[in-house]
file target39.cif (mmCIF, N, CA and C atoms and all ligand atoms)
data_upload
loop_
_atom_site.label_atom_id
_atom_site.label_comp_id
_atom_site.auth_asym_id
_atom_site.auth_seq_id
_atom_site.Cartn_x
_atom_site.Cartn_y
_atom_site.Cartn_z
N MET H 295 -62.87 -18.95 -30.74
CA MET H 295 -63.70 -17.81 -31.12
C MET H 295 -65.18 -18.22 -31.14
N ALA H 296 -66.03 -17.34 -30.67
CA ALA H 296 -67.47 -17.65 -30.64
C ALA H 296 -68.01 -17.85 -32.06
N SER H 297 -68.92 -18.81 -32.20
CA SER H 297 -69.53 -19.04 -33.51
C SER H 297 -70.49 -17.89 -33.83
N ILE H 298 -70.84 -17.79 -35.10
CA ILE H 298 -71.80 -16.75 -35.51
C ILE H 298 -73.13 -16.94 -34.79
N PHE H 299 -73.49 -18.19 -34.49
CA PHE H 299 -74.76 -18.43 -33.80
C PHE H 299 -74.66 -18.04 -32.32
N THR H 300 -73.50 -18.23 -31.72
CA THR H 300 -73.32 -17.76 -30.33
C THR H 300 -73.45 -16.23 -30.31
N LYS H 301 -72.90 -15.57 -31.33
CA LYS H 301 -73.01 -14.10 -31.39
C LYS H 301 -74.47 -13.68 -31.57
N ILE H 302 -75.23 -14.46 -32.34
CA ILE H 302 -76.67 -14.16 -32.49
C ILE H 302 -77.37 -14.35 -31.16
N ILE H 303 -77.10 -15.47 -30.50
CA ILE H 303 -77.73 -15.77 -29.21
C ILE H 303 -77.41 -14.68 -28.19
N ASN H 304 -76.17 -14.18 -28.22
CA ASN H 304 -75.76 -13.15 -27.26
C ASN H 304 -76.21 -11.75 -27.67
N GLY H 305 -76.89 -11.63 -28.82
CA GLY H 305 -77.40 -10.33 -29.25
C GLY H 305 -76.35 -9.45 -29.91
N GLU H 306 -75.18 -10.02 -30.22
CA GLU H 306 -74.13 -9.23 -30.86
C GLU H 306 -74.40 -9.08 -32.36
N ILE H 307 -75.15 -10.04 -32.92
CA ILE H 307 -75.56 -9.99 -34.33
C ILE H 307 -77.08 -10.08 -34.32
N PRO H 308 -77.76 -9.19 -35.07
CA PRO H 308 -79.23 -9.21 -35.04
C PRO H 308 -79.81 -10.45 -35.71
N CYS H 309 -81.03 -10.80 -35.32
CA CYS H 309 -81.72 -11.91 -35.96
C CYS H 309 -83.22 -11.69 -35.82
N TYR H 310 -83.98 -12.48 -36.56
CA TYR H 310 -85.44 -12.49 -36.40
C TYR H 310 -85.75 -13.65 -35.46
N LYS H 311 -85.84 -13.30 -34.19
CA LYS H 311 -85.95 -14.32 -33.15
C LYS H 311 -87.35 -14.92 -33.10
N ILE H 312 -87.39 -16.23 -32.90
CA ILE H 312 -88.67 -16.94 -32.75
C ILE H 312 -88.89 -17.35 -31.31
N ALA H 313 -87.89 -17.93 -30.67
CA ALA H 313 -88.09 -18.38 -29.29
C ALA H 313 -86.74 -18.59 -28.62
N GLU H 314 -86.79 -18.54 -27.28
CA GLU H 314 -85.58 -18.77 -26.50
C GLU H 314 -85.95 -19.46 -25.20
N THR H 315 -85.16 -20.46 -24.82
CA THR H 315 -85.28 -21.06 -23.50
C THR H 315 -83.91 -20.92 -22.82
N GLU H 316 -83.78 -21.50 -21.65
CA GLU H 316 -82.49 -21.43 -20.96
C GLU H 316 -81.39 -22.06 -21.82
N ASP H 317 -81.73 -23.09 -22.56
CA ASP H 317 -80.70 -23.86 -23.27
C ASP H 317 -80.75 -23.78 -24.80
N PHE H 318 -81.86 -23.25 -25.34
CA PHE H 318 -82.02 -23.29 -26.80
C PHE H 318 -82.50 -21.95 -27.34
N PHE H 319 -82.29 -21.76 -28.66
CA PHE H 319 -82.62 -20.49 -29.31
C PHE H 319 -83.09 -20.80 -30.72
N ALA H 320 -84.14 -20.13 -31.19
CA ALA H 320 -84.64 -20.34 -32.56
C ALA H 320 -84.79 -18.99 -33.25
N PHE H 321 -84.39 -18.94 -34.52
CA PHE H 321 -84.49 -17.71 -35.30
C PHE H 321 -84.61 -18.07 -36.77
N LEU H 322 -85.11 -17.10 -37.55
CA LEU H 322 -85.29 -17.34 -38.99
C LEU H 322 -83.94 -17.40 -39.69
N ASP H 323 -83.80 -18.36 -40.59
CA ASP H 323 -82.60 -18.43 -41.43
C ASP H 323 -82.58 -17.21 -42.35
N ILE H 324 -81.42 -16.56 -42.45
CA ILE H 324 -81.30 -15.32 -43.22
C ILE H 324 -81.34 -15.57 -44.73
N ASN H 325 -81.08 -16.80 -45.12
CA ASN H 325 -81.07 -17.14 -46.56
C ASN H 325 -81.95 -18.38 -46.75
N PRO H 326 -83.27 -18.20 -46.60
CA PRO H 326 -84.15 -19.37 -46.46
C PRO H 326 -84.39 -20.18 -47.74
N ASN H 327 -84.50 -21.47 -47.56
CA ASN H 327 -84.93 -22.36 -48.66
C ASN H 327 -86.39 -22.11 -48.99
N ALA H 328 -87.16 -21.76 -47.96
CA ALA H 328 -88.60 -21.54 -48.11
C ALA H 328 -89.02 -20.59 -47.01
N LYS H 329 -90.15 -19.94 -47.21
CA LYS H 329 -90.67 -18.99 -46.22
C LYS H 329 -90.86 -19.70 -44.87
N GLY H 330 -90.28 -19.14 -43.81
CA GLY H 330 -90.42 -19.72 -42.49
C GLY H 330 -89.27 -20.62 -42.07
N HIS H 331 -88.29 -20.80 -42.95
CA HIS H 331 -87.10 -21.62 -42.65
C HIS H 331 -86.47 -21.11 -41.35
N THR H 332 -86.45 -21.98 -40.38
CA THR H 332 -86.02 -21.60 -39.02
C THR H 332 -84.89 -22.49 -38.55
N LEU H 333 -83.99 -21.91 -37.78
CA LEU H 333 -82.87 -22.67 -37.20
C LEU H 333 -83.06 -22.78 -35.69
N CYS H 334 -82.91 -23.99 -35.17
CA CYS H 334 -83.00 -24.24 -33.73
C CYS H 334 -81.62 -24.64 -33.24
N VAL H 335 -81.13 -23.91 -32.26
CA VAL H 335 -79.72 -24.02 -31.88
C VAL H 335 -79.58 -24.23 -30.36
N PRO H 336 -78.78 -25.19 -29.95
CA PRO H 336 -78.47 -25.27 -28.51
C PRO H 336 -77.48 -24.16 -28.16
N LYS H 337 -77.65 -23.55 -27.02
CA LYS H 337 -76.72 -22.48 -26.64
C LYS H 337 -75.31 -23.03 -26.43
N GLN H 338 -75.26 -24.26 -25.98
CA GLN H 338 -73.98 -24.94 -25.83
C GLN H 338 -73.34 -25.06 -27.22
N GLU H 339 -72.11 -24.56 -27.35
CA GLU H 339 -71.49 -24.53 -28.68
C GLU H 339 -70.76 -25.84 -28.96
N VAL H 340 -71.44 -26.71 -29.68
CA VAL H 340 -70.88 -28.01 -30.07
C VAL H 340 -70.92 -28.04 -31.60
N ASN H 341 -69.88 -28.56 -32.22
CA ASN H 341 -69.79 -28.58 -33.68
C ASN H 341 -70.79 -29.54 -34.30
N LYS H 342 -70.71 -30.82 -33.95
CA LYS H 342 -71.48 -31.85 -34.67
C LYS H 342 -72.61 -32.42 -33.81
N ILE H 343 -73.76 -32.62 -34.43
CA ILE H 343 -74.93 -33.06 -33.65
C ILE H 343 -74.68 -34.40 -32.96
N MET H 344 -73.93 -35.27 -33.59
CA MET H 344 -73.70 -36.59 -32.99
C MET H 344 -72.78 -36.50 -31.76
N ASP H 345 -72.17 -35.34 -31.56
CA ASP H 345 -71.33 -35.15 -30.37
C ASP H 345 -72.11 -34.55 -29.21
N LEU H 346 -73.38 -34.20 -29.42
CA LEU H 346 -74.18 -33.71 -28.29
C LEU H 346 -74.40 -34.83 -27.29
N ASP H 347 -74.45 -34.49 -26.02
CA ASP H 347 -74.85 -35.51 -25.05
C ASP H 347 -76.32 -35.85 -25.31
N GLU H 348 -76.72 -37.05 -24.89
CA GLU H 348 -78.05 -37.54 -25.27
C GLU H 348 -79.17 -36.63 -24.76
N LYS H 349 -79.00 -36.10 -23.54
CA LYS H 349 -80.06 -35.25 -22.96
C LYS H 349 -80.24 -33.98 -23.82
N THR H 350 -79.15 -33.34 -24.19
CA THR H 350 -79.25 -32.12 -24.99
C THR H 350 -79.83 -32.44 -26.37
N TYR H 351 -79.41 -33.57 -26.93
CA TYR H 351 -79.95 -33.98 -28.25
C TYR H 351 -81.47 -34.13 -28.17
N MET H 352 -81.94 -34.85 -27.15
CA MET H 352 -83.39 -35.08 -27.03
C MET H 352 -84.13 -33.77 -26.78
N GLU H 353 -83.54 -32.93 -25.96
CA GLU H 353 -84.19 -31.64 -25.66
C GLU H 353 -84.19 -30.72 -26.88
N LEU H 354 -83.14 -30.78 -27.69
CA LEU H 354 -83.10 -29.99 -28.92
C LEU H 354 -84.23 -30.44 -29.85
N MET H 355 -84.44 -31.75 -29.93
CA MET H 355 -85.51 -32.26 -30.79
C MET H 355 -86.89 -31.85 -30.25
N ALA H 356 -87.06 -31.88 -28.94
CA ALA H 356 -88.34 -31.47 -28.35
C ALA H 356 -88.59 -29.97 -28.60
N PHE H 357 -87.54 -29.17 -28.43
CA PHE H 357 -87.64 -27.72 -28.70
C PHE H 357 -87.98 -27.50 -30.18
N SER H 358 -87.30 -28.23 -31.07
CA SER H 358 -87.53 -28.08 -32.51
C SER H 358 -88.96 -28.48 -32.87
N ARG H 359 -89.47 -29.51 -32.21
CA ARG H 359 -90.84 -29.95 -32.49
C ARG H 359 -91.84 -28.84 -32.14
N ARG H 360 -91.60 -28.19 -31.00
CA ARG H 360 -92.49 -27.11 -30.58
C ARG H 360 -92.47 -25.97 -31.62
N ILE H 361 -91.29 -25.63 -32.09
CA ILE H 361 -91.19 -24.57 -33.10
C ILE H 361 -91.82 -25.04 -34.42
N GLY H 362 -91.58 -26.29 -34.78
CA GLY H 362 -92.14 -26.83 -36.02
C GLY H 362 -93.66 -26.82 -36.00
N GLN H 363 -94.24 -27.10 -34.86
CA GLN H 363 -95.71 -27.06 -34.75
C GLN H 363 -96.23 -25.64 -34.98
N ALA H 364 -95.51 -24.66 -34.46
CA ALA H 364 -95.90 -23.25 -34.68
C ALA H 364 -95.75 -22.89 -36.16
N LEU H 365 -94.71 -23.40 -36.80
CA LEU H 365 -94.52 -23.13 -38.24
C LEU H 365 -95.69 -23.71 -39.04
N GLU H 366 -96.10 -24.93 -38.69
CA GLU H 366 -97.22 -25.55 -39.44
C GLU H 366 -98.52 -24.78 -39.24
N LYS H 367 -98.67 -24.16 -38.08
CA LYS H 367 -99.88 -23.36 -37.83
C LYS H 367 -99.83 -22.04 -38.60
N THR H 368 -98.61 -21.54 -38.83
CA THR H 368 -98.46 -20.18 -39.37
C THR H 368 -98.37 -20.16 -40.89
N ILE H 369 -97.70 -21.15 -41.44
CA ILE H 369 -97.35 -21.10 -42.87
C ILE H 369 -98.14 -22.15 -43.64
N ASP H 370 -98.66 -21.71 -44.76
CA ASP H 370 -99.41 -22.62 -45.63
C ASP H 370 -98.40 -23.57 -46.30
N CYS H 371 -98.28 -24.77 -45.74
CA CYS H 371 -97.31 -25.71 -46.29
C CYS H 371 -97.84 -27.13 -46.12
N ASN H 372 -97.23 -28.06 -46.83
CA ASN H 372 -97.64 -29.45 -46.72
C ASN H 372 -97.20 -30.04 -45.39
N ARG H 373 -95.97 -29.68 -44.96
CA ARG H 373 -95.40 -30.15 -43.70
C ARG H 373 -94.10 -29.42 -43.43
N VAL H 374 -93.51 -29.67 -42.27
CA VAL H 374 -92.21 -29.08 -41.97
C VAL H 374 -91.15 -30.17 -42.08
N GLY H 375 -90.19 -29.94 -42.97
CA GLY H 375 -89.06 -30.86 -43.11
C GLY H 375 -87.95 -30.49 -42.14
N ILE H 376 -87.18 -31.50 -41.77
CA ILE H 376 -86.07 -31.30 -40.83
C ILE H 376 -84.77 -31.72 -41.51
N ALA H 377 -83.74 -30.89 -41.33
CA ALA H 377 -82.41 -31.26 -41.83
C ALA H 377 -81.36 -30.79 -40.85
N VAL H 378 -80.31 -31.56 -40.76
CA VAL H 378 -79.13 -31.13 -39.99
C VAL H 378 -77.95 -31.24 -40.94
N ILE H 379 -77.28 -30.09 -41.17
CA ILE H 379 -76.14 -30.09 -42.11
C ILE H 379 -74.89 -29.65 -41.32
N GLY H 380 -74.74 -28.35 -41.13
CA GLY H 380 -73.63 -27.86 -40.32
C GLY H 380 -72.33 -27.67 -41.06
N LEU H 381 -72.36 -27.73 -42.39
CA LEU H 381 -71.10 -27.54 -43.14
C LEU H 381 -70.68 -26.08 -43.20
N GLU H 382 -71.66 -25.18 -43.09
CA GLU H 382 -71.33 -23.74 -43.15
C GLU H 382 -71.05 -23.19 -41.75
N VAL H 383 -71.88 -23.55 -40.80
CA VAL H 383 -71.72 -23.01 -39.43
C VAL H 383 -71.51 -24.19 -38.48
N PRO H 384 -70.29 -24.32 -37.93
CA PRO H 384 -69.97 -25.47 -37.08
C PRO H 384 -70.48 -25.32 -35.65
N HIS H 385 -71.76 -25.05 -35.53
CA HIS H 385 -72.43 -24.94 -34.24
C HIS H 385 -73.78 -25.62 -34.47
N VAL H 386 -74.04 -26.71 -33.74
CA VAL H 386 -75.22 -27.54 -34.02
C VAL H 386 -76.47 -26.70 -34.25
N HIS H 387 -77.20 -27.05 -35.30
CA HIS H 387 -78.50 -26.40 -35.55
C HIS H 387 -79.38 -27.33 -36.35
N VAL H 388 -80.67 -27.27 -36.05
CA VAL H 388 -81.68 -28.04 -36.78
C VAL H 388 -82.37 -27.07 -37.73
N HIS H 389 -82.38 -27.41 -39.01
CA HIS H 389 -83.14 -26.62 -39.98
C HIS H 389 -84.58 -27.11 -39.97
N LEU H 390 -85.53 -26.22 -39.76
CA LEU H 390 -86.95 -26.54 -39.92
C LEU H 390 -87.43 -25.80 -41.15
N ILE H 391 -87.91 -26.54 -42.13
CA ILE H 391 -88.24 -25.91 -43.41
C ILE H 391 -89.67 -26.26 -43.82
N PRO H 392 -90.56 -25.26 -43.85
CA PRO H 392 -91.93 -25.52 -44.33
C PRO H 392 -91.86 -25.87 -45.82
N ILE H 393 -92.36 -27.06 -46.16
CA ILE H 393 -92.17 -27.53 -47.53
C ILE H 393 -93.49 -27.88 -48.20
N ASN H 394 -93.48 -27.72 -49.51
CA ASN H 394 -94.59 -28.18 -50.36
C ASN H 394 -94.10 -29.17 -51.39
N GLU H 395 -92.83 -29.05 -51.73
CA GLU H 395 -92.27 -29.98 -52.71
C GLU H 395 -90.81 -30.26 -52.34
N MET H 396 -90.27 -31.31 -52.94
CA MET H 396 -88.94 -31.77 -52.57
C MET H 396 -87.87 -30.68 -52.72
N ARG H 397 -88.03 -29.83 -53.74
CA ARG H 397 -86.98 -28.82 -53.96
C ARG H 397 -86.88 -27.83 -52.80
N ASP H 398 -87.95 -27.72 -51.96
CA ASP H 398 -87.86 -26.83 -50.80
C ASP H 398 -86.81 -27.33 -49.79
N MET H 399 -86.47 -28.59 -49.86
CA MET H 399 -85.43 -29.13 -48.98
C MET H 399 -84.04 -29.04 -49.62
N THR H 400 -83.98 -28.47 -50.80
CA THR H 400 -82.71 -28.39 -51.52
C THR H 400 -82.04 -27.07 -51.20
N PHE H 401 -80.83 -27.14 -50.68
CA PHE H 401 -80.19 -25.93 -50.17
C PHE H 401 -79.68 -25.00 -51.28
N SER H 402 -79.85 -25.44 -52.55
CA SER H 402 -79.52 -24.53 -53.64
C SER H 402 -80.77 -23.76 -54.09
N HIS H 403 -81.94 -24.17 -53.53
CA HIS H 403 -83.18 -23.46 -53.86
C HIS H 403 -83.46 -22.45 -52.75
N LYS H 404 -83.47 -21.17 -53.08
CA LYS H 404 -83.64 -20.13 -52.06
C LYS H 404 -84.80 -19.21 -52.42
N VAL H 405 -85.41 -18.62 -51.39
CA VAL H 405 -86.42 -17.60 -51.62
C VAL H 405 -85.92 -16.31 -50.99
N SER H 406 -86.37 -15.17 -51.52
CA SER H 406 -85.94 -13.92 -50.90
C SER H 406 -87.13 -13.22 -50.25
N LEU H 407 -86.87 -12.71 -49.08
CA LEU H 407 -87.90 -12.01 -48.31
C LEU H 407 -87.39 -10.61 -47.99
N THR H 408 -88.31 -9.66 -47.92
CA THR H 408 -87.91 -8.31 -47.51
C THR H 408 -87.77 -8.28 -45.99
N GLU H 409 -87.12 -7.24 -45.52
CA GLU H 409 -86.97 -7.01 -44.08
C GLU H 409 -88.35 -7.05 -43.39
N GLN H 410 -89.30 -6.35 -44.03
CA GLN H 410 -90.65 -6.29 -43.48
C GLN H 410 -91.28 -7.69 -43.42
N GLU H 411 -91.07 -8.48 -44.46
CA GLU H 411 -91.63 -9.84 -44.48
C GLU H 411 -91.00 -10.70 -43.39
N PHE H 412 -89.70 -10.57 -43.17
CA PHE H 412 -89.04 -11.31 -42.09
C PHE H 412 -89.64 -10.93 -40.73
N VAL H 413 -89.81 -9.62 -40.53
CA VAL H 413 -90.32 -9.12 -39.25
C VAL H 413 -91.74 -9.66 -39.00
N GLU H 414 -92.59 -9.55 -40.01
CA GLU H 414 -93.99 -9.98 -39.86
C GLU H 414 -94.10 -11.49 -39.69
N LEU H 415 -93.27 -12.22 -40.41
CA LEU H 415 -93.27 -13.68 -40.32
C LEU H 415 -92.85 -14.13 -38.92
N ALA H 416 -91.78 -13.57 -38.42
CA ALA H 416 -91.30 -13.95 -37.08
C ALA H 416 -92.39 -13.66 -36.04
N ALA H 417 -93.06 -12.53 -36.16
CA ALA H 417 -94.12 -12.18 -35.20
C ALA H 417 -95.28 -13.17 -35.30
N ALA H 418 -95.64 -13.54 -36.52
CA ALA H 418 -96.76 -14.48 -36.72
C ALA H 418 -96.42 -15.85 -36.15
N ILE H 419 -95.21 -16.31 -36.34
CA ILE H 419 -94.80 -17.63 -35.79
C ILE H 419 -94.81 -17.58 -34.27
N ARG H 420 -94.28 -16.50 -33.72
CA ARG H 420 -94.25 -16.37 -32.25
C ARG H 420 -95.66 -16.42 -31.66
N GLU H 421 -96.61 -15.84 -32.37
CA GLU H 421 -98.00 -15.86 -31.87
C GLU H 421 -98.58 -17.26 -31.82
N ASN H 422 -98.03 -18.17 -32.61
CA ASN H 422 -98.55 -19.54 -32.66
C ASN H 422 -97.76 -20.51 -31.79
N LEU H 423 -96.85 -20.00 -31.01
CA LEU H 423 -96.07 -20.89 -30.11
C LEU H 423 -96.94 -21.37 -28.96
P1 LIG A 1 -75.31 -25.26 -42.53
O1 LIG A 1 -74.19 -24.94 -41.56
O2 LIG A 1 -76.34 -26.17 -41.92
O3 LIG A 1 -74.76 -25.79 -43.83
O4 LIG A 1 -76.03 -23.91 -42.91
C1 LIG A 1 -76.01 -22.79 -42.05
C2 LIG A 1 -77.29 -21.99 -42.23
O5 LIG A 1 -77.17 -20.83 -41.43
C3 LIG A 1 -77.56 -21.51 -43.67
O6 LIG A 1 -78.86 -21.91 -44.05
C4 LIG A 1 -77.42 -19.99 -43.59
O7 LIG A 1 -78.32 -19.30 -44.42
C5 LIG A 1 -77.67 -19.71 -42.12
N1 LIG A 1 -76.93 -18.55 -41.63
C6 LIG A 1 -75.60 -18.32 -41.78
N2 LIG A 1 -75.26 -17.15 -41.21
C7 LIG A 1 -76.42 -16.64 -40.68
C8 LIG A 1 -76.69 -15.44 -39.96
O8 LIG A 1 -75.85 -14.60 -39.68
N3 LIG A 1 -77.99 -15.26 -39.58
C9 LIG A 1 -78.96 -16.16 -39.88
N4 LIG A 1 -80.20 -15.88 -39.45
N5 LIG A 1 -78.73 -17.30 -40.55
C10 LIG A 1 -77.46 -17.52 -40.95
#
call {"tool": "encode", "arguments": {"input": "target39.cif", "output": "C-alpha cells"}}
result
Amino acid sequence: MASIFTKIINGEIPCYKIAETEDFFAFLDINPNAKGHTLCVPKQEVNKIMDLDEKTYMELMAFSRRIGQALEKTIDCNRVGIAVIGLEVPHVHVHLIPINEMRDMTFSHKVSLTEQEFVELAAAIRENL
C-alpha cells in the first residue's frame, strides 16, 4: 500500500508544498515542532534512510540543504536543525526544523498554526528558494 507521503506526492492528500524535483518533494509538517518545520522526501518509497542507495541519500541531503537555506532566509530562527526519525511514517523523510532552543527539536513540543498561516508560510518559503 502506498505510504501517506506517496499519497501526498501524488496529490491524493493535500499538503502545503514547498518544492518538487523529479526525485524529491518538500512540504510543511502538519504537526510542526516549530514554525516552518518541513519534511523532505524522496519519491522513491524506502522505509529506512540507511537503506537508501548512496546517490539518492546524497541527493536527498543536497535537496534538504536547498530547502533549509530558504527556511533560514524566511524564518527568524537561530538555525535549521535536521532530524531523521521515521517511526510514524515508514517512508524516508528529513525533518528540517527552524530552531531557537533545544526544545524546538523535541517532538513532544508542538506549535499550532492556522490554515492561513500555513498557506502564507509556504508561499514565503517558496519565494526564498
Ligand atoms: P516520523 O515518522 O519521522 O516519526 O514523523 C512523521 C512526521 O510526519 C510527523 O512530524 C508528522 O507530523 C508528519 N505527518 C504525518 N502525517 C502527515 C500528513 O498527512 N501531512 C503532513 N504534512 N505531515 C504529516
call {"tool": "axis_aligned_box", "arguments": {"input": "target39.cif", "around": "ligand LIG 1 (chain A)", "padding_each_side": "6 Å", "output": "lines of an AutoDock Vina configuration file"}}
result
center_x = -77.2
center_y = -20.4
center_z = -41.9
size_x = 18.0
size_y = 23.6
size_z = 17.0
call {"tool": "closest_residue", "arguments": {"input": "target39.cif", "among": "H:Leu423, H:Thr300, H:Gly380, H:Gly330", "to": "Arg359 (chain H)", "atoms": "only C-alpha atoms"}}
result
H:Leu423
call {"tool": "residues_around", "arguments": {"input": "target39.cif", "residues": "region 307-320 of chain H", "least_positions_apart": "3", "cutoff": "6.5 Å", "atoms": "all atoms listed in the file", "output": "PDB file with N, CA and C atoms, keeping the file's coordinate frame"}}
result
ATOM      1  N   LYS H 301     -72.900 -15.570 -31.330  1.00  0.00           N
ATOM      2  CA  LYS H 301     -73.010 -14.100 -31.390  1.00  0.00           C
ATOM      3  C   LYS H 301     -74.470 -13.680 -31.570  1.00  0.00           C
ATOM      4  N   ILE H 302     -75.230 -14.460 -32.340  1.00  0.00           N
ATOM      5  CA  ILE H 302     -76.670 -14.160 -32.490  1.00  0.00           C
ATOM      6  C   ILE H 302     -77.370 -14.350 -31.160  1.00  0.00           C
ATOM      7  N   ILE H 303     -77.100 -15.470 -30.500  1.00  0.00           N
ATOM      8  CA  ILE H 303     -77.730 -15.770 -29.210  1.00  0.00           C
ATOM      9  C   ILE H 303     -77.410 -14.680 -28.190  1.00  0.00           C
ATOM     10  N   ASN H 304     -76.170 -14.180 -28.220  1.00  0.00           N
ATOM     11  CA  ASN H 304     -75.760 -13.150 -27.260  1.00  0.00           C
ATOM     12  C   ASN H 304     -76.210 -11.750 -27.670  1.00  0.00           C
ATOM     13  N   THR H 332     -86.450 -21.980 -40.380  1.00  0.00           N
ATOM     14  CA  THR H 332     -86.020 -21.600 -39.020  1.00  0.00           C
ATOM     15  C   THR H 332     -84.890 -22.490 -38.550  1.00  0.00           C
ATOM     16  N   LEU H 333     -83.990 -21.910 -37.780  1.00  0.00           N
ATOM     17  CA  LEU H 333     -82.870 -22.670 -37.200  1.00  0.00           C
ATOM     18  C   LEU H 333     -83.060 -22.780 -35.690  1.00  0.00           C
ATOM     19  N   CYS H 334     -82.910 -23.990 -35.170  1.00  0.00           N
ATOM     20  CA  CYS H 334     -83.000 -24.240 -33.730  1.00  0.00           C
ATOM     21  C   CYS H 334     -81.620 -24.640 -33.240  1.00  0.00           C
ATOM     22  N   VAL H 335     -81.130 -23.910 -32.260  1.00  0.00           N
ATOM     23  CA  VAL H 335     -79.720 -24.020 -31.880  1.00  0.00           C
ATOM     24  C   VAL H 335     -79.580 -24.230 -30.360  1.00  0.00           C
ATOM     25  N   PRO H 336     -78.780 -25.190 -29.950  1.00  0.00           N
ATOM     26  CA  PRO H 336     -78.470 -25.270 -28.510  1.00  0.00           C
ATOM     27  C   PRO H 336     -77.480 -24.160 -28.160  1.00  0.00           C
ATOM     28  N   LYS H 337     -77.650 -23.550 -27.020  1.00  0.00           N
ATOM     29  CA  LYS H 337     -76.720 -22.480 -26.640  1.00  0.00           C
ATOM     30  C   LYS H 337     -75.310 -23.030 -26.430  1.00  0.00           C
ATOM     31  N   GLN H 338     -75.260 -24.260 -25.980  1.00  0.00           N
ATOM     32  CA  GLN H 338     -73.980 -24.940 -25.830  1.00  0.00           C
ATOM     33  C   GLN H 338     -73.340 -25.060 -27.220  1.00  0.00           C
ATOM     34  N   PHE H 412     -89.700 -10.570 -43.170  1.00  0.00           N
ATOM     35  CA  PHE H 412     -89.040 -11.310 -42.090  1.00  0.00           C
ATOM     36  C   PHE H 412     -89.640 -10.930 -40.730  1.00  0.00           C
ATOM     37  N   ALA H 416     -91.780 -13.570 -38.420  1.00  0.00           N
ATOM     38  CA  ALA H 416     -91.300 -13.950 -37.080  1.00  0.00           C
ATOM     39  C   ALA H 416     -92.390 -13.660 -36.040  1.00  0.00           C
ATOM     40  N   ILE H 419     -95.210 -16.310 -36.340  1.00  0.00           N
ATOM     41  CA  ILE H 419     -94.800 -17.630 -35.790  1.00  0.00           C
ATOM     42  C   ILE H 419     -94.810 -17.580 -34.270  1.00  0.00           C
ATOM     43  N   ARG H 420     -94.280 -16.500 -33.720  1.00  0.00           N
ATOM     44  CA  ARG H 420     -94.250 -16.370 -32.250  1.00  0.00           C
ATOM     45  C   ARG H 420     -95.660 -16.420 -31.660  1.00  0.00           C
TER      46      ARG H 420
END
call {"tool": "closest_residue", "arguments": {"input": "target39.cif", "among": "H:Lys349, H:Arg397, H:Pro326, H:Thr408", "to": "ligand LIG 1 (chain A)", "atoms": "all atoms listed in the file"}}
result
H:Pro326
call {"tool": "atom_distance", "arguments": {"input": "target39.cif", "atom1": "CA of Met396 (chain H)", "atom2": "atom C of Leu354 (chain H)"}}
result
23.2 Å
call {"tool": "residues_near_ligand", "arguments": {"input": "target39.cif", "ligand": "ligand LIG 1 (chain A)", "cutoff": "5 Å", "atoms": "all atoms listed in the file", "output": "ChimeraX atom specification"}}
result
/H:322-325,379-383
call {"tool": "select_by_dssp", "arguments": {"input": "target39.cif", "residues": "region 364-402 of chain H", "states": "strand (DSSP E)", "output": "PyMOL selection string"}}
result
chain H and resi 373-377+388-393
call {"tool": "closest_residue", "arguments": {"input": "target39.cif", "among": "H:Glu339, H:Glu366, H:Arg360, H:Asn327", "to": "Asp398 (chain H)", "atoms": "all atoms listed in the file"}}
result
H:Asn327
call {"tool": "closest_residue", "arguments": {"input": "target39.cif", "among": "H:Cys371, H:Met352, H:Val405, H:Ile343", "to": "Pro392 (chain H)", "atoms": "only N, CA and C atoms"}}
result
H:Cys371
call {"tool": "closest_residue", "arguments": {"input": "target39.cif", "among": "H:Ser402, H:Glu395, H:Met344, H:Glu353", "to": "Val378 (chain H)", "atoms": "only C-alpha atoms"}}
result
H:Met344
call {"tool": "closest_residue", "arguments": {"input": "target39.cif", "among": "H:Ala418, H:Met295, H:Glu348, H:Glu411", "to": "Ile369 (chain H)", "atoms": "all atoms listed in the file"}}
result
H:Ala418
call {"tool": "select_by_dssp", "arguments": {"input": "target39.cif", "residues": "region 327-412 of chain H", "states": "helix (DSSP H, G or I)", "output": "ChimeraX atom specification"}}
result
/H:343-345,348-368,396-399,409-412
call {"tool": "atom_distance", "arguments": {"input": "target39.cif", "atom1": "atom C of Thr368 (chain H)", "atom2": "atom N of Gln410 (chain H)"}}
result
16.8 Å
call {"tool": "atom_distance", "arguments": {"input": "target39.cif", "atom1": "CA of Ile298 (chain H)", "atom2": "CA of Ile393 (chain H)"}}
result
26.0 Å
call {"tool": "residues_around", "arguments": {"input": "target39.cif", "residues": "Asn422 (chain H)", "least_positions_apart": "6", "cutoff": "7 Å", "atoms": "all atoms listed in the file", "output": "ChimeraX atom specification"}}
result
/H:363-365,367-368
